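data_16.pdb (PDB, C-alpha atoms) appears below.
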ATOM      1  CA  MET A  18     -17.696  18.891  21.784
ATOM      2  CA  TYR A  19     -15.090  16.351  20.662
ATOM      3  CA  ALA A  20     -17.113  15.556  17.531
ATOM      4  CA  TYR A  21     -17.187  19.276  16.704
ATOM      5  CA  ILE A  22     -13.423  19.633  17.149
ATOM      6  CA  PHE A  23     -12.804  16.551  14.958
ATOM      7  CA  GLU A  24     -15.065  18.016  12.256
ATOM      8  CA  LEU A  25     -13.086  21.267  12.306
ATOM      9  CA  LEU A  26      -9.819  19.341  11.960
ATOM     10  CA  ILE A  27     -11.177  17.430   8.969
ATOM     11  CA  MET A  28     -12.398  20.623   7.314
ATOM     12  CA  SER A  29      -8.955  22.209   7.708
ATOM     13  CA  GLU A  30      -7.092  19.439   5.872
ATOM     14  CA  THR A  31      -6.383  19.465   2.155
ATOM     15  CA  ILE A  32      -4.886  16.234   0.889
ATOM     16  CA  LEU A  33      -2.716  15.406  -2.117
ATOM     17  CA  ILE A  34      -2.403  11.771  -3.180
ATOM     18  CA  ILE A  35       0.591  11.132  -5.435
ATOM     19  CA  GLY A  36       0.188   7.870  -7.333
ATOM     20  CA  ALA A  37      -3.601   7.908  -7.094
ATOM     21  CA  CYS A  38      -4.064   5.634 -10.119
ATOM     22  CA  GLY A  39      -2.253   2.685  -8.513
ATOM     23  CA  GLN A  40      -3.833  -0.284  -6.776
ATOM     24  CA  ILE A  41      -3.861   1.303  -3.316
ATOM     25  CA  GLY A  42      -4.115   4.874  -4.588
ATOM     26  CA  VAL A  43      -7.522   4.355  -6.207
ATOM     27  CA  ALA A  44      -9.071   2.894  -3.061
ATOM     28  CA  LEU A  45      -7.377   5.470  -0.831
ATOM     29  CA  THR A  46      -8.650   8.367  -2.936
ATOM     30  CA  GLU A  47     -12.179   7.024  -2.763
ATOM     31  CA  ARG A  48     -12.038   6.605   1.016
ATOM     32  CA  LEU A  49     -10.453   9.974   1.751
ATOM     33  CA  ARG A  50     -12.929  11.810  -0.461
ATOM     34  CA  ALA A  51     -15.745  10.129   1.436
ATOM     35  CA  ILE A  52     -14.242  11.355   4.724
ATOM     36  CA  TYR A  53     -12.928  14.824   3.888
ATOM     37  CA  GLY A  54     -15.025  15.814   0.876
ATOM     38  CA  ASN A  55     -14.301  15.475  -2.833
ATOM     39  CA  GLN A  56     -12.800  18.947  -3.255
ATOM     40  CA  GLN A  57     -10.429  18.514  -0.310
ATOM     41  CA  VAL A  58      -8.664  15.498  -1.811
ATOM     42  CA  ILE A  59      -6.532  16.091  -4.900
ATOM     43  CA  ALA A  60      -5.685  12.941  -6.831
ATOM     44  CA  SER A  61      -2.549  12.955  -8.975
ATOM     45  CA  ASP A  62      -0.464  10.623 -11.093
ATOM     46  CA  ILE A  63       1.874  10.593 -14.088
ATOM     47  CA  ARG A  64      -1.115   9.523 -16.209
ATOM     48  CA  GLU A  65      -4.861  10.010 -16.190
ATOM     49  CA  GLY A  66      -6.976   7.531 -14.259
ATOM     50  CA  SER A  67     -10.464   6.086 -14.582
ATOM     51  CA  ALA A  68     -13.475   8.274 -15.248
ATOM     52  CA  ALA A  69     -14.683   7.706 -11.691
ATOM     53  CA  LEU A  70     -11.379   8.919 -10.249
ATOM     54  CA  MET A  71     -11.105  11.893 -12.591
ATOM     55  CA  GLU A  72     -14.689  13.068 -12.219
ATOM     56  CA  SER A  73     -15.173  12.677  -8.465
ATOM     57  CA  GLY A  74     -12.763  15.455  -7.507
ATOM     58  CA  PRO A  75      -9.673  17.467  -8.514
ATOM     59  CA  PHE A  76      -7.009  15.652 -10.536
ATOM     60  CA  GLU A  77      -3.522  16.790 -11.560
ATOM     61  CA  ILE A  78      -0.822  15.235 -13.717
ATOM     62  CA  VAL A  79       2.221  15.057 -11.429
ATOM     63  CA  ASP A  80       5.697  13.613 -11.903
ATOM     64  CA  ALA A  81       6.509  12.154  -8.477
ATOM     65  CA  THR A  82      10.248  12.647  -9.056
ATOM     66  CA  ASN A  83       9.878  16.358  -9.815
ATOM     67  CA  LYS A  84       9.888  18.424  -6.603
ATOM     68  CA  GLU A  85       8.935  21.641  -8.420
ATOM     69  CA  ASN A  86       5.966  19.928 -10.060
ATOM     70  CA  ILE A  87       4.743  18.658  -6.681
ATOM     71  CA  GLN A  88       5.288  22.064  -5.089
ATOM     72  CA  GLU A  89       3.178  23.763  -7.765
ATOM     73  CA  VAL A  90       0.225  21.548  -6.913
ATOM     74  CA  VAL A  91       0.792  21.937  -3.159
ATOM     75  CA  GLU A  92       0.727  25.727  -3.461
ATOM     76  CA  LYS A  93      -2.175  25.763  -5.930
ATOM     77  CA  TYR A  94      -4.505  23.922  -3.553
ATOM     78  CA  GLY A  95      -3.009  24.819  -0.173
ATOM     79  CA  VAL A  96      -2.190  21.173   0.526
ATOM     80  CA  THR A  97      -1.567  20.224   4.164
ATOM     81  CA  ASP A  98      -1.140  16.417   3.915
ATOM     82  CA  VAL A  99       0.617  14.366   1.236
ATOM     83  CA  TYR A 100       0.141  10.624   0.719
ATOM     84  CA  LEU A 101       3.038   9.450  -1.453
ATOM     85  CA  MET A 102       1.779   6.226  -3.046
ATOM     86  CA  ALA A 103       3.873   6.303  -6.231
ATOM     87  CA  ALA A 104       6.391   3.455  -6.378
ATOM     88  CA  MET A 105       7.847   0.754  -8.584
ATOM     89  CA  LEU A 106       6.998  -2.572  -6.941
ATOM     90  CA  SER A 107       9.171  -5.608  -6.302
ATOM     91  CA  ALA A 108       8.942  -7.699  -9.468
ATOM     92  CA  THR A 109       8.961  -4.715 -11.832
ATOM     93  CA  ALA A 110      11.867  -3.037 -10.026
ATOM     94  CA  GLU A 111      13.954  -6.200 -10.456
ATOM     95  CA  LYS A 112      13.606  -5.757 -14.219
ATOM     96  CA  TYR A 113      14.468  -2.046 -14.077
ATOM     97  CA  PRO A 114      16.575  -1.628 -10.925
ATOM     98  CA  LEU A 115      17.923   1.881 -11.525
ATOM     99  CA  LYS A 116      14.526   3.205 -12.571
ATOM    100  CA  GLY A 117      12.997   1.571  -9.514
ATOM    101  CA  TRP A 118      15.539   3.149  -7.178
ATOM    102  CA  ASP A 119      15.154   6.565  -8.818
ATOM    103  CA  LEU A 120      11.368   6.632  -8.607
ATOM    104  CA  ASN A 121      11.144   5.239  -5.092
ATOM    105  CA  MET A 122      13.837   7.427  -3.534
ATOM    106  CA  THR A 123      13.662  10.685  -5.490
ATOM    107  CA  SER A 124       9.918  10.989  -4.905
ATOM    108  CA  LEU A 125      10.273  10.453  -1.155
ATOM    109  CA  LEU A 126      13.084  12.962  -0.748
ATOM    110  CA  ALA A 127      11.143  15.539  -2.772
ATOM    111  CA  VAL A 128       8.146  15.295  -0.440
ATOM    112  CA  LEU A 129      10.270  15.229   2.718
ATOM    113  CA  GLU A 130      12.026  18.394   1.557
ATOM    114  CA  LEU A 131       8.676  20.129   1.052
ATOM    115  CA  ALA A 132       7.711  19.135   4.594
ATOM    116  CA  LYS A 133      11.067  20.343   5.906
ATOM    117  CA  GLU A 134      10.388  23.692   4.212
ATOM    118  CA  LYS A 135       7.001  23.820   6.030
ATOM    119  CA  LEU A 136       5.047  23.779   2.769
ATOM    120  CA  ILE A 137       3.127  20.734   3.983
ATOM    121  CA  LYS A 138       2.294  19.602   7.524
ATOM    122  CA  LYS A 139       2.078  15.831   7.377
ATOM    123  CA  VAL A 140       3.436  13.058   5.143
ATOM    124  CA  TYR A 141       2.327   9.467   4.633
ATOM    125  CA  TRP A 142       4.778   7.124   2.911
ATOM    126  CA  PRO A 143       4.204   3.364   2.676
ATOM    127  CA  SER A 144       6.982   0.902   3.337
ATOM    128  CA  SER A 145       6.694  -2.855   2.799
ATOM    129  CA  MET A 146       7.483  -6.270   4.197
ATOM    130  CA  ALA A 147      10.091  -6.274   1.422
ATOM    131  CA  VAL A 148      12.438  -4.581   3.914
ATOM    132  CA  PHE A 149      12.970  -8.040   5.400
ATOM    133  CA  GLY A 150      15.340 -10.564   3.860
ATOM    134  CA  SER A 151      16.426 -14.158   4.205
ATOM    135  CA  THR A 152      18.283 -13.349   7.435
ATOM    136  CA  SER A 153      15.165 -11.926   9.098
ATOM    137  CA  PRO A 154      13.068 -14.244  11.290
ATOM    138  CA  LYS A 155      10.409 -15.904   9.107
ATOM    139  CA  MET A 156       7.858 -16.506  11.858
ATOM    140  CA  ASN A 157       6.401 -13.578  13.829
ATOM    141  CA  THR A 158       8.917 -11.176  12.329
ATOM    142  CA  PRO A 159       9.325  -8.471  14.995
ATOM    143  CA  GLN A 160       9.117  -4.702  14.626
ATOM    144  CA  GLN A 161      12.859  -4.318  15.103
ATOM    145  CA  THR A 162      15.026  -7.027  13.582
ATOM    146  CA  VAL A 163      17.682  -7.746  10.964
ATOM    147  CA  MET A 164      16.759  -6.166   7.613
ATOM    148  CA  GLU A 165      18.922  -7.305   4.704
ATOM    149  CA  PRO A 166      16.611  -7.230   1.659
ATOM    150  CA  SER A 167      17.646  -8.864  -1.591
ATOM    151  CA  THR A 168      15.517  -6.753  -3.946
ATOM    152  CA  VAL A 169      15.815  -3.194  -5.225
ATOM    153  CA  TYR A 170      12.333  -2.517  -3.906
ATOM    154  CA  GLY A 171      13.267  -3.740  -0.442
ATOM    155  CA  ILE A 172      16.552  -1.819  -0.452
ATOM    156  CA  SER A 173      14.729   1.383  -1.386
ATOM    157  CA  LYS A 174      12.181   0.829   1.377
ATOM    158  CA  VAL A 175      14.844   0.271   4.055
ATOM    159  CA  ALA A 176      16.630   3.420   2.943
ATOM    160  CA  GLY A 177      13.336   5.309   2.805
ATOM    161  CA  GLU A 178      12.428   4.299   6.341
ATOM    162  CA  HIS A 179      15.669   5.741   7.647
ATOM    163  CA  TRP A 180      15.211   8.925   5.630
ATOM    164  CA  CYS A 181      11.760   9.316   7.205
ATOM    165  CA  ASN A 182      13.183   8.852  10.685
ATOM    166  CA  TYR A 183      16.033  11.266   9.906
ATOM    167  CA  TYR A 184      13.712  14.039   8.695
ATOM    168  CA  HIS A 185      11.527  13.565  11.772
ATOM    169  CA  ASP A 186      14.431  13.671  14.227
ATOM    170  CA  LYS A 187      16.446  16.370  12.454
ATOM    171  CA  TYR A 188      13.731  18.688  11.125
ATOM    172  CA  GLY A 189      10.576  17.749  13.018
ATOM    173  CA  VAL A 190       8.777  16.433   9.938
ATOM    174  CA  ASP A 191       5.549  14.626  10.855
ATOM    175  CA  VAL A 192       6.009  11.592   8.622
ATOM    176  CA  ARG A 193       4.131   8.337   9.195
ATOM    177  CA  SER A 194       4.559   4.936   7.616
ATOM    178  CA  ILE A 195       3.424   1.335   7.699
ATOM    179  CA  ARG A 196       4.987  -1.777   6.184
ATOM    180  CA  TYR A 197       2.300  -3.212   3.947
ATOM    181  CA  PRO A 198       2.074  -6.949   3.440
ATOM    182  CA  GLY A 199       0.665  -8.164   0.108
ATOM    183  CA  ILE A 200      -2.478  -6.136  -0.670
ATOM    184  CA  ILE A 201      -5.475  -7.789  -2.326
ATOM    185  CA  SER A 202      -8.225  -5.883  -4.142
ATOM    186  CA  TRP A 203     -10.961  -6.602  -6.672
ATOM    187  CA  LYS A 204     -11.228  -3.026  -7.969
ATOM    188  CA  THR A 205      -7.853  -2.715  -9.709
ATOM    189  CA  LEU A 206      -5.582  -5.066 -11.622
ATOM    190  CA  PRO A 207      -2.174  -6.200 -10.304
ATOM    191  CA  GLY A 208       0.641  -3.631 -10.374
ATOM    192  CA  GLY A 209       3.852  -5.669 -10.596
ATOM    193  CA  GLY A 210       4.290  -7.072  -7.096
ATOM    194  CA  THR A 211       5.377 -10.548  -6.022
ATOM    195  CA  THR A 212       2.166 -11.035  -4.030
ATOM    196  CA  ASP A 213      -0.021 -10.002  -6.972
ATOM    197  CA  TYR A 214      -0.911 -13.600  -7.784
ATOM    198  CA  ALA A 215      -3.430 -13.299  -4.949
ATOM    199  CA  VAL A 216      -5.158 -10.493  -6.857
ATOM    200  CA  ASP A 217      -5.010 -11.994 -10.347
ATOM    201  CA  ILE A 218      -6.235 -15.397  -9.171
ATOM    202  CA  TYR A 219      -9.765 -14.141  -8.470
ATOM    203  CA  PHE A 220     -10.119 -12.529 -11.902
ATOM    204  CA  GLU A 221      -8.812 -15.637 -13.670
ATOM    205  CA  ALA A 222     -10.959 -17.988 -11.583
ATOM    206  CA  LEU A 223     -14.127 -16.318 -12.802
ATOM    207  CA  LYS A 224     -12.896 -15.601 -16.319
ATOM    208  CA  LYS A 225     -11.147 -18.892 -17.184
ATOM    209  CA  GLY A 226     -11.801 -21.256 -14.314
ATOM    210  CA  SER A 227      -8.060 -21.828 -13.966
ATOM    211  CA  PHE A 228      -4.884 -20.074 -12.908
ATOM    212  CA  GLU A 229      -1.153 -20.711 -13.308
ATOM    213  CA  CYS A 230       0.650 -19.442 -10.219
ATOM    214  CA  PHE A 231       4.208 -18.116 -10.387
ATOM    215  CA  LEU A 232       4.827 -19.211  -6.782
ATOM    216  CA  LYS A 233       4.963 -22.688  -5.245
ATOM    217  CA  GLU A 234       1.796 -24.069  -3.699
ATOM    218  CA  ASP A 235       3.234 -23.828  -0.169
ATOM    219  CA  ALA A 236       4.715 -20.302  -0.453
ATOM    220  CA  ARG A 237       3.184 -18.691   2.627
ATOM    221  CA  LEU A 238       3.185 -14.885   2.662
ATOM    222  CA  PRO A 239       1.587 -12.143   4.804
ATOM    223  CA  MET A 240      -1.433 -10.637   3.051
ATOM    224  CA  MET A 241      -4.183  -8.112   3.689
ATOM    225  CA  TYR A 242      -7.495  -7.192   2.110
ATOM    226  CA  MET A 243      -7.587  -3.686   0.640
ATOM    227  CA  GLU A 244     -10.345  -2.590   3.025
ATOM    228  CA  ASP A 245      -8.088  -3.290   5.988
ATOM    229  CA  ALA A 246      -5.077  -1.646   4.333
ATOM    230  CA  ILE A 247      -7.018   1.563   3.729
ATOM    231  CA  ASP A 248      -8.397   1.506   7.275
ATOM    232  CA  ALA A 249      -4.850   1.268   8.630
ATOM    233  CA  THR A 250      -3.608   4.073   6.385
ATOM    234  CA  VAL A 251      -6.372   6.441   7.430
ATOM    235  CA  LYS A 252      -6.097   5.472  11.091
ATOM    236  CA  ILE A 253      -2.370   6.139  11.388
ATOM    237  CA  MET A 254      -2.751   9.536   9.730
ATOM    238  CA  GLN A 255      -5.622  10.501  12.023
ATOM    239  CA  ALA A 256      -3.741   9.431  15.155
ATOM    240  CA  ALA A 257      -2.416  12.103  17.501
ATOM    241  CA  PRO A 258       1.324  12.775  16.977
ATOM    242  CA  GLU A 259       2.193  11.487  20.448
ATOM    243  CA  GLU A 260       0.659   8.090  19.586
ATOM    244  CA  ILE A 261       3.172   7.555  16.774
ATOM    245  CA  LYS A 262       6.172   6.024  18.522
ATOM    246  CA  VAL A 263       7.873   4.608  15.406
ATOM    247  CA  ARG A 264       9.099   7.024  12.743
ATOM    248  CA  THR A 265      10.754   4.478  10.473
ATOM    249  CA  SER A 266       7.717   2.295   9.684
ATOM    250  CA  TYR A 267       5.253   0.098  11.559
ATOM    251  CA  ASN A 268       4.864  -3.623  10.944
ATOM    252  CA  LEU A 269       1.332  -4.349   9.733
ATOM    253  CA  ALA A 270      -0.331  -7.756   9.509
ATOM    254  CA  ALA A 271      -3.685  -9.415   8.994
ATOM    255  CA  ILE A 272      -3.640 -12.854   7.375
ATOM    256  CA  SER A 273      -1.034 -15.251   5.972
ATOM    257  CA  PHE A 274      -1.787 -18.010   3.458
ATOM    258  CA  THR A 275      -0.333 -20.112   0.647
ATOM    259  CA  PRO A 276      -1.437 -20.328  -3.010
ATOM    260  CA  LYS A 277      -2.910 -23.740  -2.263
ATOM    261  CA  GLU A 278      -4.980 -22.377   0.622
ATOM    262  CA  ILE A 279      -6.399 -19.500  -1.415
ATOM    263  CA  SER A 280      -7.233 -21.858  -4.285
ATOM    264  CA  GLU A 281      -9.143 -24.137  -1.911
ATOM    265  CA  GLU A 282     -11.111 -21.155  -0.639
ATOM    266  CA  ILE A 283     -11.984 -20.072  -4.188
ATOM    267  CA  LYS A 284     -13.250 -23.581  -5.001
ATOM    268  CA  LYS A 285     -16.050 -23.045  -2.485
ATOM    269  CA  TYR A 286     -17.484 -20.498  -4.959
ATOM    270  CA  VAL A 287     -16.037 -21.816  -8.239
ATOM    271  CA  PRO A 288     -16.015 -25.624  -7.790
ATOM    272  CA  GLU A 289     -14.491 -26.281 -11.221
ATOM    273  CA  PHE A 290     -11.509 -24.011 -10.533
ATOM    274  CA  GLU A 291      -8.121 -25.572 -11.332
ATOM    275  CA  MET A 292      -4.739 -24.384 -10.067
ATOM    276  CA  SER A 293      -1.333 -25.104 -11.600
ATOM    277  CA  TYR A 294       2.137 -23.941 -10.618
ATOM    278  CA  ALA A 295       5.104 -22.609 -12.612
ATOM    279  CA  PRO A 296       7.442 -20.860 -10.140
ATOM    280  CA  ASP A 297       9.640 -18.158 -11.671
ATOM    281  CA  PHE A 298      12.092 -15.528 -10.364
ATOM    282  CA  ARG A 299       9.421 -14.187  -8.036
ATOM    283  CA  GLN A 300       9.655 -17.360  -5.953
ATOM    284  CA  ASP A 301      13.166 -16.328  -4.880
ATOM    285  CA  ILE A 302      11.774 -12.983  -3.761
ATOM    286  CA  ALA A 303       8.958 -14.668  -1.825
ATOM    287  CA  ASP A 304      11.442 -17.042  -0.157
ATOM    288  CA  SER A 305      13.257 -14.043   1.341
ATOM    289  CA  TRP A 306      10.127 -12.594   2.946
ATOM    290  CA  PRO A 307       8.401 -13.471   6.246
ATOM    291  CA  ASP A 308       5.690 -16.089   6.662
ATOM    292  CA  ILE A 309       3.948 -14.232   9.495
ATOM    293  CA  ILE A 310       4.596 -10.694  10.781
ATOM    294  CA  ASP A 311       4.238  -9.458  14.371
ATOM    295  CA  ASP A 312       2.418  -6.100  14.383
ATOM    296  CA  THR A 313       1.942  -5.779  18.141
ATOM    297  CA  GLN A 314       3.486  -2.297  18.155
ATOM    298  CA  ALA A 315       0.907  -0.851  15.733
ATOM    299  CA  ARG A 316      -1.940  -2.452  17.651
ATOM    300  CA  LYS A 317      -0.623  -1.001  20.904
ATOM    301  CA  ASP A 318       0.348   2.501  19.764
ATOM    302  CA  TRP A 319      -2.543   3.605  17.550
ATOM    303  CA  GLY A 320      -5.144   0.859  17.895
ATOM    304  CA  TRP A 321      -4.723  -1.046  14.628
ATOM    305  CA  ARG A 322      -7.174  -3.954  14.144
ATOM    306  CA  HIS A 323      -7.887  -5.968  10.995
ATOM    307  CA  GLU A 324     -11.372  -7.185  10.064
ATOM    308  CA  TYR A 325     -10.975  -9.673   7.204
ATOM    309  CA  ASP A 326      -9.653 -13.235   7.271
ATOM    310  CA  LEU A 327      -9.148 -15.368   4.122
ATOM    311  CA  SER A 328     -12.713 -16.668   4.144
ATOM    312  CA  ALA A 329     -14.401 -13.276   4.595
ATOM    313  CA  MET A 330     -12.107 -11.659   2.018
ATOM    314  CA  THR A 331     -12.764 -14.328  -0.619
ATOM    315  CA  LYS A 332     -16.517 -14.127  -0.132
ATOM    316  CA  ASP A 333     -16.468 -10.332  -0.508
ATOM    317  CA  ILE A 334     -14.235 -10.396  -3.600
ATOM    318  CA  ILE A 335     -16.218 -13.078  -5.423
ATOM    319  CA  GLU A 336     -19.516 -11.344  -4.700
ATOM    320  CA  ASN A 337     -18.196  -7.984  -5.910
ATOM    321  CA  LEU A 338     -16.619  -9.397  -9.059
ATOM    322  CA  LYS A 339     -19.821 -11.228  -9.962
ATOM    323  CA  ALA A 340     -21.679  -7.944  -9.536
ATOM    324  CA  ASN A 341     -19.097  -6.091 -11.670
ATOM    325  CA  LYS A 342     -18.522  -8.397 -14.631
ATOM    326  CA  ASP A 343     -17.185  -5.539 -16.761
ATOM    327  CA  LEU A 344     -13.959  -5.751 -14.753
ATOM    328  CA  TRP A 345     -13.062  -9.256 -15.912
ATOM    329  CA  SER A 346     -15.427 -10.574 -18.621
TER     330      SER A 346
END
What does this structure look like when you write it as C-alpha cells?
Amino acid sequence: MYAYIFELLIMSETILIIGACGQIGVALTERLRAIYGNQQVIASDIREGSAALMESGPFEIVDATNKENIQEVVEKYGVTDVYLMAAMLSATAEKYPLKGWDLNMTSLLAVLELAKEKLIKKVYWPSSMAVFGSTSPKMNTPQQTVMEPSTVYGISKVAGEHWCNYYHDKYGVDVRSIRYPGIISWKTLPGGGTTDYAVDIYFEALKKGSFECFLKEDARLPMMYMEDAIDATVKIMQAAPEEIKVRTSYNLAAISFTPKEISEEIKKYVPEFEMSYAPDFRQDIADSWPDIIDDTQARKDWGWRHEYDLSAMTKDIIENLKANKDLWS
C-alpha cells in the first residue's frame, strides 16, 4: 500500500532543474530522471549541455535571473518542483562580485516569487559552508552559530537562507536547503570553487602525474563525494514537510581532509604522483571556512547518512576515470 502511494506521488511530480549543466546539476539531472522518468525532469541552463544531458529528456534554455523566462517553462510543462542549482561559486564571484550577487540573489527571489504565487509547489535551493566565516567555530561548526562570511558567495548564501526562511514563514513556501561542503565528482570539470582542487587533482594525477595545489598542504576543509551530495539532495526533497525543521539551511557533512592527505591517497593508485603547492587568494577563503562541520540536525530530522570516506571515494574516482579516458586524456 505504501509503495503504491509513493509511486503515485512520484508520478505526480514534474521537476525543473535550473543550472543543469553545472557540476552538481548534471549528476542531479541523471539521478532524478532515473527516479521520476526522463520526461518528468526538465533540465535547463543558460547554455546547452552535453549530448547525454540534452538527449535523455527535455531541455530548455533558461536565464535564471529572468522570472518570466522561468515562468514560461514552469507553465509549459506543469512544473511542480524546482531545483535552483544556478550560481556563481566562491572563487569566480570574488573576481566578479556584482555579477555574482546578481545571479545568486535574483535567481532565488524569482523562484521564491513563483512559489509564493502558487505556480510551483516545492523549491530546492543549495546553500554552502561559505556562510561561515573566520569568527565561526572551526571545529564541529554547529547548525546555529555566528555567520560572518568574507566572500560575495558566502554573503549571498547567508542572505538567501534568510529569504528562504522568510518566504516559508510569511507565505508558506515549501523551500528546502542544505549547506554543501566541497563537492567532488569525476564526471564534470571544476566550476570555480575554492574546494575545486579536490576535483582537478584526480584528472591531473592521471593525465600528468603531478598537480600544483592553490591551497596549503594542511588546509583542512569539509568535503563530500558527489554520490552522497545527490543522495542528500533527493532525500531532503522526498522528506515529509513535518520532518523539515530548519527552513534556512541544514548543515551537511561527510569527510574532511587536507591536500596532503588526498595526495597520499592518490599515490596508492598512481605511485609516481607528485604534489606541489602555490597558495593564492583562495587560501584566504579556505582559512575562513570550517575544518569539520556538525550535521547532527540533518541526521536527526530527515535521516541523512553519508556512505563514502576519502579512501572509498578515491578508489571509485580513479576506477571510473580509468574507464572513461576520454574525460581527461
Of the listed residues A:Asn86, A:Thr211, A:Thr109, A:Ser151, that which approaches A:Ala127 most closely, counting all atoms listed in the file: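 Distance minimum relative to A:Ala127 lands on A:Asn86.
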Considering all atoms listed in the file, return as a ChimeraX atom specification whatever protein or nucleic-acid residues lie within 12 Å of A:Asp119, sequence-local ones (same chain, fewer than 6 positions apart) excluded. /A:81-83,103-105,110,113,125-127,169-170,172-173,177
What would the file look like if the residues just selected were written as an mmCIF file, keeping the file's coordinate frame with C-alpha atoms?
data_model
loop_
_atom_site.group_PDB
_atom_site.id
_atom_site.type_symbol
_atom_site.label_atom_id
_atom_site.label_comp_id
_atom_site.auth_asym_id
_atom_site.auth_seq_id
_atom_site.Cartn_x
_atom_site.Cartn_y
_atom_site.Cartn_z
ATOM 1 C CA ALA A 81 6.509 12.154 -8.477
ATOM 2 C CA THR A 82 10.248 12.647 -9.056
ATOM 3 C CA ASN A 83 9.878 16.358 -9.815
ATOM 4 C CA ALA A 103 3.873 6.303 -6.231
ATOM 5 C CA ALA A 104 6.391 3.455 -6.378
ATOM 6 C CA MET A 105 7.847 0.754 -8.584
ATOM 7 C CA ALA A 110 11.867 -3.037 -10.026
ATOM 8 C CA TYR A 113 14.468 -2.046 -14.077
ATOM 9 C CA LEU A 125 10.273 10.453 -1.155
ATOM 10 C CA LEU A 126 13.084 12.962 -0.748
ATOM 11 C CA ALA A 127 11.143 15.539 -2.772
ATOM 12 C CA VAL A 169 15.815 -3.194 -5.225
ATOM 13 C CA TYR A 170 12.333 -2.517 -3.906
ATOM 14 C CA ILE A 172 16.552 -1.819 -0.452
ATOM 15 C CA SER A 173 14.729 1.383 -1.386
ATOM 16 C CA GLY A 177 13.336 5.309 2.805
#
Got a sec: who's within 12 Å of A:Glu336, counting only C-alpha atoms, leaving out chain neighbours fewer than 5 positions off, as number ranges by chain? A: 203, 219-220, 223, 283, 286-287, 329-331, 341-342
Nearest to A:Val263 by atom-to-atom distance, counting only C-alpha atoms, from A:Ser67, A:Ile195, A:Ala249, A:Phe228: A:Ile195
Since I can't run it myself right now, could you work out what the PyMOL selection byres ((chain A and resi 42) around 10) selects here and report it as a VMD selection string? chain A and resid 34 to 41 43 to 48 60 to 62 100 to 103 205 247
Generate a file of the selected residues that holds C-alpha atoms, formatted as a PDB file, in the coordinates of the input.
ATOM      1  CA  ILE A  34      -2.403  11.771  -3.180  1.00  0.00           C
ATOM      2  CA  ILE A  35       0.591  11.132  -5.435  1.00  0.00           C
ATOM      3  CA  GLY A  36       0.188   7.870  -7.333  1.00  0.00           C
ATOM      4  CA  ALA A  37      -3.601   7.908  -7.094  1.00  0.00           C
ATOM      5  CA  CYS A  38      -4.064   5.634 -10.119  1.00  0.00           C
ATOM      6  CA  GLY A  39      -2.253   2.685  -8.513  1.00  0.00           C
ATOM      7  CA  GLN A  40      -3.833  -0.284  -6.776  1.00  0.00           C
ATOM      8  CA  ILE A  41      -3.861   1.303  -3.316  1.00  0.00           C
ATOM      9  CA  VAL A  43      -7.522   4.355  -6.207  1.00  0.00           C
ATOM     10  CA  ALA A  44      -9.071   2.894  -3.061  1.00  0.00           C
ATOM     11  CA  LEU A  45      -7.377   5.470  -0.831  1.00  0.00           C
ATOM     12  CA  THR A  46      -8.650   8.367  -2.936  1.00  0.00           C
ATOM     13  CA  GLU A  47     -12.179   7.024  -2.763  1.00  0.00           C
ATOM     14  CA  ARG A  48     -12.038   6.605   1.016  1.00  0.00           C
ATOM     15  CA  ALA A  60      -5.685  12.941  -6.831  1.00  0.00           C
ATOM     16  CA  SER A  61      -2.549  12.955  -8.975  1.00  0.00           C
ATOM     17  CA  ASP A  62      -0.464  10.623 -11.093  1.00  0.00           C
ATOM     18  CA  TYR A 100       0.141  10.624   0.719  1.00  0.00           C
ATOM     19  CA  LEU A 101       3.038   9.450  -1.453  1.00  0.00           C
ATOM     20  CA  MET A 102       1.779   6.226  -3.046  1.00  0.00           C
ATOM     21  CA  ALA A 103       3.873   6.303  -6.231  1.00  0.00           C
ATOM     22  CA  THR A 205      -7.853  -2.715  -9.709  1.00  0.00           C
ATOM     23  CA  ILE A 247      -7.018   1.563   3.729  1.00  0.00           C
TER      24      ILE A 247
END
Taking all atoms listed in the file into account, which of A:Val251, A:Leu129, A:Gln160, A:Lys233 comes nearest A:Asp191?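 That would be A:Leu129, the residue with the smallest distance to A:Asp191.
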I'd like the contact shell of A:Ala270 - 9 Å cut-off, all atoms listed in the file, skipping same-chain residues fewer than 3 positions apart - returned as number ranges by chain. A: 196-198, 239-241, 273, 309-312, 323
Quick one: pull the distance between atom CA of A:Gly117 and atom CA of A:Asp213, Å, one decimal. 17.6 Å
